[in-house]
Every structure is written in C-alpha cells, then in structure tokens.
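Undergrad: My questions will all concern the structure given below.
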Amino acid sequence: MKISKEKILALLNTDLNILKDEAYKIKLQYVGSKVYFRGLIEYSNICNKNCYYCGIRKDNKKISRYEMTDSEVLEAANFADKAGYGSLVIQTGERTDKNFIDKITKFIIDIKKKTNLGITLSCGEQSFDTYKKWFEVGAHRYLLRIETSNDDIYKKLHPNDALHSFKTRVNALENLKKIGYQTGSGIMVGLPYQELSHIASDILFLINFDVDMIGLGPYIEHSETPLYEKKDILTPIQERFNLALKVISILRILMKDINIASATALQSIDPEGREKALLYGANVIMPNLTPTKYRDSYLLYENKPCTDEDAAMCKGCLERRITKYGETIAYNEWGDPKHYFNRKKEKK
Ligand code: SAH
Ligand code: SF4
C-alpha cells in the first residue's frame, strides 16, 4: 500500500472521535478485541547514554542506580508465567559491555527453560552479533523506538556523538528485521520542535519500514533532563495525550494487522489512559513486574504511575479496568503480531 504524506497529514487533522471509531472497527476486524499482556521487567536503570529527554540518562546524578538480581528477574518471569501473561518484556538502560550482554543471554536461556513465555527485548542499540545471539537463545521480539524519523530533530534530542546517531539507530532496526525478530518501533508524541508534518513523516517511516509492532506514547518532561529547558514551548499535556491516541488510531487504520502497545506514559496523564487506548486501536498492555523498591529509580519521565504497587496489585487493577472497557484479556497466549506472518507470506 502506498500512502502519501499529504493523506497522513489530512488524517492528523481529522477529528479524533472519527478516527477512533474507524480504528476500533479495523482492530476488531483484523486483530480482534483480545488484549495481549507483556509483563514488564525494568531490569536496570544503568545507562551509558545521555538522551536529553530521559530521566535515567547517564548524567542524571540524582538517582540511585540498580540492577535486578538474577533471582528477582526469574521470580518476575515466574509470576508472569503463573499469572498467564503469555509474554514478557525485558527493558533496560543501554549498555554494550560483555557482562551485560552475557547477563541478558542468561536471562533468556533461564526463562525459556523454566517457563512458556514469549520474550520481547527492549535493550537499546546492540551489535548485529549480540542481537543474533539473543535471538538464537530464544528472544523473538524487539522494541526499538526511532523516537523521531527526522534527523535534525533527532540531533536536538541527543548529544551529537557516535553513541547517539540517527543512522546507527535505523541500522539497528534493519539488523533486527534481518535477523528475523518481530520488530517494533515508535516515537514520542508532543516533543519540542515536533510539528504535525513531522509526525506525518514518522508515520510514513513506520509504514515504509513495515514494523510488526508499535510502542508509542506522549513525551513527558522530566525536570532533571536538559530537554526540560524547553518545557515552555510544549503543547499542554492533555493535547499530547490526545495526539498520541490519534497517532495510534491512524497507525491501526493504515497498518491494520500490527500489534500496538498502549504506553505506560498514557497512564501518567490519565489513570485509565492505557485502557482507553484499547478503544483507539491498541491491543497490547505491559503490566509492570519490576519489584516495587526499584520503581522510583526507573523514572524515564515524571509522574510515572503505580510506583508503589506490586505486580499482583497491578494485575487485579488492570483486569477490572480492561473488562470495564469491554475488551477481553488473552491469557496464556504469546499474541504475536499477525503482521509478521503476513509479511513473511507476502515475501514468498
Ligand atoms: N534504553 C532503551 C529502552 C529503555 S527507554 C532505549 O532507549 O531504547 C524506552 C523508551 O522510553 C524510549 O525509547 C523513549 O521513547 C521512552 N522515553 C524516554 N524518556 C521519555 C520521556 N521523557 N517521556 C516519554 N517517553 C520517554
Ligand atoms: Fe538510556 Fe534509553 Fe533513556 Fe536513552 S532513552 S537515556 S538509551 S534508557
């Protein structure tokens, strides 16, 4: 399917309720009303990078750094398995040293041995060989947001050095796809410097890249980051929230059979934000499994919700809300994106 940037821009200027109805119809037709869970393990907030927007960036000296222990990671995986979540996501600050790579490898091997969980990784940019190794031991999905598809804006959001290169990030995404991962990407919506026409280009980027999964949410400022300086030029937070829902709807309408995760950042703005997004086209939710004692240290942005709740509390709370919105939870299913299999079929 070829769609022009102008058409996408026209969709971005369409009333949100119209897009919502269309997106929900397409969601029911192509992926159904089931919500897939991915238990989220925020393994460590130690990060070598300095993205200007992120609260756990290396130069933020005001947070205490942690790494979950092996048994904490396995316990969280065990909880997900027993709770019937089907899949989990290991997310972390970015490191590329051997200890880190070996640790993630070991987690994948151990979790695969002890549970039936599908494993998604969100561990940043790594070498082709590292991605390949993790894939070979059993991870089969990877989330790497492009953040923005505009190289100039990318430069304004990151230090200008080899560690923060737009090209490297695109290349990493290409490597993930080449290796065979179900590949996910996404953006932050409502960033400083970002106009609607940029978002139209971002959507076009995600379509042309042919992603299998989307993870996107509103940008939320964090006072201990350099980008906080730009807080006065941001659009109000409720507008960023609505715009993120709009982008989710448009991606559902245009990409149809992909998986779309409802970002936790939506919940920071509206307590039921994640569940609401299910009515705008999202079909994946990531209940947090990180031990409560670490949650205050994994604040990518401020006002992150549920930092005082444990995994069991999150589960009960989510079940109630999802049922309220008329969706059903798919327990004990991996919930792979249909798009992945359809694009493989088309290739043959
Ligand atoms: N280090 C990995 C994974 C953890 S960060 C990586 O960067 O890929 C996961 C995502 O959090 C990032 O991709 C970014 O889109 C999001 N994020 C970081 N800071 C944020 C902020 N201030 N507001 C909203 N989302 C943010
Ligand atoms: Fe590190 Fe990811 Fe935050 Fe960038 S966005 S500073 S890579 S955790």
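Residue numbers start at 1 in each chain; chains themselves are named A, B, ... in the order of the structure tokens; ligands are numbered from 1 in the order shown.
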Would you mind writing down, as a VMD selection string, each residue of region 62-201 of chain A that DSSP on the backbone assigns to alpha helix (DSSP H)?
TA: chain A and resid 70 to 82 98 to 114 128 to 136 151 to 157 166 to 179 196 to 201
Undergrad: Please tabulate, as a tab-separated table, the residues of chain A that come within 9 Å of ligand 1, each with its closest pair of atoms and the distance in Å to one decimal, counting only C-alpha atoms and all ligand atoms and ordering rows by chain, then residue number upward.
TA:
```
residue	atom	partner	partner_atom_place_in_ligand_line	distance
A:Glu42	CA	ligand 1	4 (C)	8.4
A:Asn45	CA	ligand 1	4 (C)	8.5
A:Cys47	CA	ligand 1	1 (N)	7.1
A:Lys49	CA	ligand 1	1 (N)	8.1
A:Cys51	CA	ligand 1	19 (N)	7.8
A:Tyr52	CA	ligand 1	19 (N)	8.3
A:Tyr53	CA	ligand 1	22 (N)	4.7
A:Cys54	CA	ligand 1	19 (N)	3.7
A:Gly55	CA	ligand 1	19 (N)	6.3
A:Ile56	CA	ligand 1	19 (N)	8.0
A:Arg57	CA	ligand 1	19 (N)	8.7
A:Gln91	CA	ligand 1	3 (C)	5.5
A:Thr92	CA	ligand 1	4 (C)	5.1
A:Gly93	CA	ligand 1	1 (N)	4.1
A:Glu94	CA	ligand 1	1 (N)	4.6
A:Arg95	CA	ligand 1	1 (N)	8.4
A:Leu121	CA	ligand 1	3 (C)	8.8
A:Ser122	CA	ligand 1	3 (C)	5.1
A:Cys123	CA	ligand 1	2 (C)	5.0
A:Gly124	CA	ligand 1	8 (O)	3.9
A:Glu125	CA	ligand 1	8 (O)	7.0
A:Leu143	CA	ligand 1	8 (O)	7.3
A:Leu144	CA	ligand 1	8 (O)	5.1
A:Arg145	CA	ligand 1	13 (O)	4.8
A:Ile146	CA	ligand 1	13 (O)	7.3
A:Glu147	CA	ligand 1	15 (O)	5.5
A:Ser185	CA	ligand 1	13 (O)	8.4
A:Gly186	CA	ligand 1	15 (O)	7.4
A:Ile187	CA	ligand 1	15 (O)	6.0
A:Met188	CA	ligand 1	15 (O)	5.5
A:Val189	CA	ligand 1	24 (C)	8.2
A:Leu191	CA	ligand 1	23 (N)	8.6
A:Gly215	CA	ligand 1	15 (O)	8.2
A:Leu216	CA	ligand 1	15 (O)	7.0
A:Gly217	CA	ligand 1	24 (C)	6.5
A:Pro218	CA	ligand 1	24 (C)	5.7
A:Tyr219	CA	ligand 1	23 (N)	3.8
A:Ile220	CA	ligand 1	23 (N)	4.0
A:Glu221	CA	ligand 1	22 (N)	5.0
A:His222	CA	ligand 1	22 (N)	5.7
A:Thr225	CA	ligand 1	22 (N)	8.4
A:Leu227	CA	ligand 1	22 (N)	8.6
A:Ala263	CA	ligand 1	25 (N)	8.7
A:Thr264	CA	ligand 1	25 (N)	8.9
A:Ala265	CA	ligand 1	24 (C)	6.1
A:Leu299	CA	ligand 1	19 (N)	8.3
A:Leu300	CA	ligand 1	19 (N)	4.5
A:Tyr301	CA	ligand 1	22 (N)	4.2
A:Glu302	CA	ligand 1	22 (N)	7.5
```
Undergrad: Please compute the CA of Pro291 (chain A)-CA of Pro226 (chain A) distance, one decimal, in Å.
TA: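 Pair CA of Pro291 (chain A) / CA of Pro226 (chain A) returns 28.5 Å.
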Undergrad: With only C-alpha atoms and all ligand atoms as the atoms that count, which of A:Asp70, A:Tyr154, A:Thr130, A:Glu22 lies nearest to ligand 2?
TA: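 Closest to ligand 2, using only C-alpha atoms and all ligand atoms: A:Tyr154.
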Undergrad: Figure out the distance between CA of Glu75 (chain A) and CA of Phe100 (chain A), please, to one decimal in Å.
TA: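 Computing it gives 19.2 Å between the two atoms.
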Undergrad: Might you pull out every residue within 9 Å of Ile250 (chain A), with only C-alpha atoms counted and same-chain residues fewer than 3 positions away left off, and present them as a ChimeraX atom specification?
TA: /A:8,11-12,19-20,23,203,245-247,253-255,280-281
Undergrad: Write out as a VMD selection string all residues of region 61-283 of chain A that backbone DSSP assigns to strand (DSSP E).
TA: chain A and resid 87 to 92 118 to 122 141 to 143 182 to 185 188 to 189 213 to 218 259 to 262
Undergrad: Need to verify the contact set: Tyr193 (chain A), 12 Å, only C-alpha atoms, exclusion of same-chain residues closer than 3 positions in sequence. Can you return it as a short mmCIF file (atom, residue, chain, number, x, y, z; two decimals) with N, CA and C atoms, in the first residue's frame?
TA:
```
data_model
loop_
_atom_site.label_atom_id
_atom_site.label_comp_id
_atom_site.auth_asym_id
_atom_site.auth_seq_id
_atom_site.Cartn_x
_atom_site.Cartn_y
_atom_site.Cartn_z
N THR A 148 12.08 9.81 16.70
CA THR A 148 11.64 10.73 15.66
C THR A 148 12.33 10.27 14.38
N ASN A 150 13.05 12.29 12.02
CA ASN A 150 13.68 13.47 11.43
C ASN A 150 15.08 13.64 12.03
N ASP A 152 17.23 15.98 11.90
CA ASP A 152 17.54 17.27 12.57
C ASP A 152 16.95 17.31 13.98
N ILE A 153 15.72 16.81 14.10
CA ILE A 153 15.12 16.80 15.45
C ILE A 153 15.88 15.79 16.32
N TYR A 154 16.23 14.66 15.72
CA TYR A 154 17.00 13.65 16.47
C TYR A 154 18.24 14.29 17.10
N LYS A 155 18.90 15.13 16.30
CA LYS A 155 20.12 15.79 16.79
C LYS A 155 19.82 16.75 17.93
N LYS A 156 18.63 17.33 17.93
CA LYS A 156 18.28 18.26 19.01
C LYS A 156 17.87 17.53 20.29
N LEU A 157 17.61 16.25 20.16
CA LEU A 157 17.16 15.47 21.33
C LEU A 157 18.27 14.63 21.95
N MET A 188 8.01 9.32 20.26
CA MET A 188 7.36 10.09 21.33
C MET A 188 6.54 11.18 20.64
N VAL A 189 5.35 11.40 21.17
CA VAL A 189 4.45 12.38 20.55
C VAL A 189 4.39 13.62 21.43
N GLY A 190 4.53 14.78 20.80
CA GLY A 190 4.46 16.03 21.55
C GLY A 190 5.82 16.51 22.01
N LEU A 196 3.09 18.78 13.27
CA LEU A 196 2.25 17.72 12.71
C LEU A 196 2.87 17.10 11.47
N SER A 197 3.51 17.94 10.66
CA SER A 197 4.10 17.39 9.42
C SER A 197 5.25 16.41 9.75
N HIS A 198 5.94 16.65 10.86
CA HIS A 198 6.98 15.70 11.26
C HIS A 198 6.35 14.37 11.67
N ILE A 199 5.23 14.47 12.39
CA ILE A 199 4.56 13.23 12.82
C ILE A 199 4.06 12.46 11.60
N TYR A 219 5.37 12.39 24.96
CA TYR A 219 6.58 12.84 25.65
C TYR A 219 6.14 13.52 26.94
N LEU A 227 16.29 18.57 28.27
CA LEU A 227 15.15 18.98 27.45
C LEU A 227 14.08 19.72 28.27
N LYS A 230 13.01 23.24 27.59
CA LYS A 230 12.07 23.59 26.51
C LYS A 230 10.62 23.42 26.96
N LYS A 231 10.41 23.29 28.24
CA LYS A 231 9.04 22.97 28.69
C LYS A 231 8.01 24.04 28.30
N ASP A 232 8.49 25.28 28.16
CA ASP A 232 7.54 26.35 27.84
C ASP A 232 7.04 26.32 26.40
N ILE A 233 7.75 25.59 25.53
CA ILE A 233 7.26 25.53 24.15
C ILE A 233 6.43 24.27 23.88
N LEU A 234 6.21 23.48 24.92
CA LEU A 234 5.43 22.24 24.72
C LEU A 234 3.94 22.55 24.62
N THR A 235 3.22 21.68 23.92
CA THR A 235 1.76 21.82 23.94
C THR A 235 1.27 21.23 25.27
#
```
Undergrad: Which is closer to ligand 2 than all the others in A:Glu224, A:Asp21, A:Glu136, A:Asp151, using only C-alpha atoms and all ligand atoms?
TA: A:Glu224
Undergrad: Compare A:Thr292, A:Cys317, A:Leu243, A:Asn60 by their minimum atom-to-atom distance to Asp15 (chain A), counting only C-alpha atoms, and give me the closest one.
TA: A:Leu243
Undergrad: Given the choices A:Leu163, A:Ile109, A:Ile18, A:Ile101, which gets closest to ligand 2 if the distance is worked out from only C-alpha atoms and all ligand atoms?
TA: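 Selected residue with least distance to ligand 2: A:Leu163.
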Undergrad: My list of candidates is A:Lys347, A:Gly118, A:Ser201, A:Leu9. Which is closest to Asp81 (chain A) when distances are computed with only C-alpha atoms?
TA: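 Checking each of A:Lys347, A:Gly118, A:Ser201, A:Leu9 against Asp81 (chain A), counting only C-alpha atoms, the winner is A:Gly118.
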Undergrad: Pick out the residues sitting within 12 Å of Ala139 (chain A), and hand them over as a count of residues only; count only C-alpha atoms, and ignore anything fewer than 6 positions along from it in its own chain.
TA: 30
Undergrad: Considering only C-alpha atoms, return as a list in words whatever protein or nucleic-acid residues lie within 7 Å of Ile260 (chain A), sequence-local ones (same chain, fewer than 6 positions apart) excluded.
TA: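 Listed by chain and then number, they are Met213, Ile214, Gly215, Ala282, Asn283 and Val284 of chain A.
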Undergrad: With only C-alpha atoms and all ligand atoms as the atoms that count, which of A:Asp97, A:Glu6, A:Asp59, A:Asp296 lies nearest to ligand 2?
TA: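 Closest to ligand 2 of all the choices is A:Asp59.
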Undergrad: Just give me the gap between CA of Glu346 (chain A) and CA of Asn116 (chain A) in Å, one decimal is fine.
TA: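 The value is 28.9 Å.
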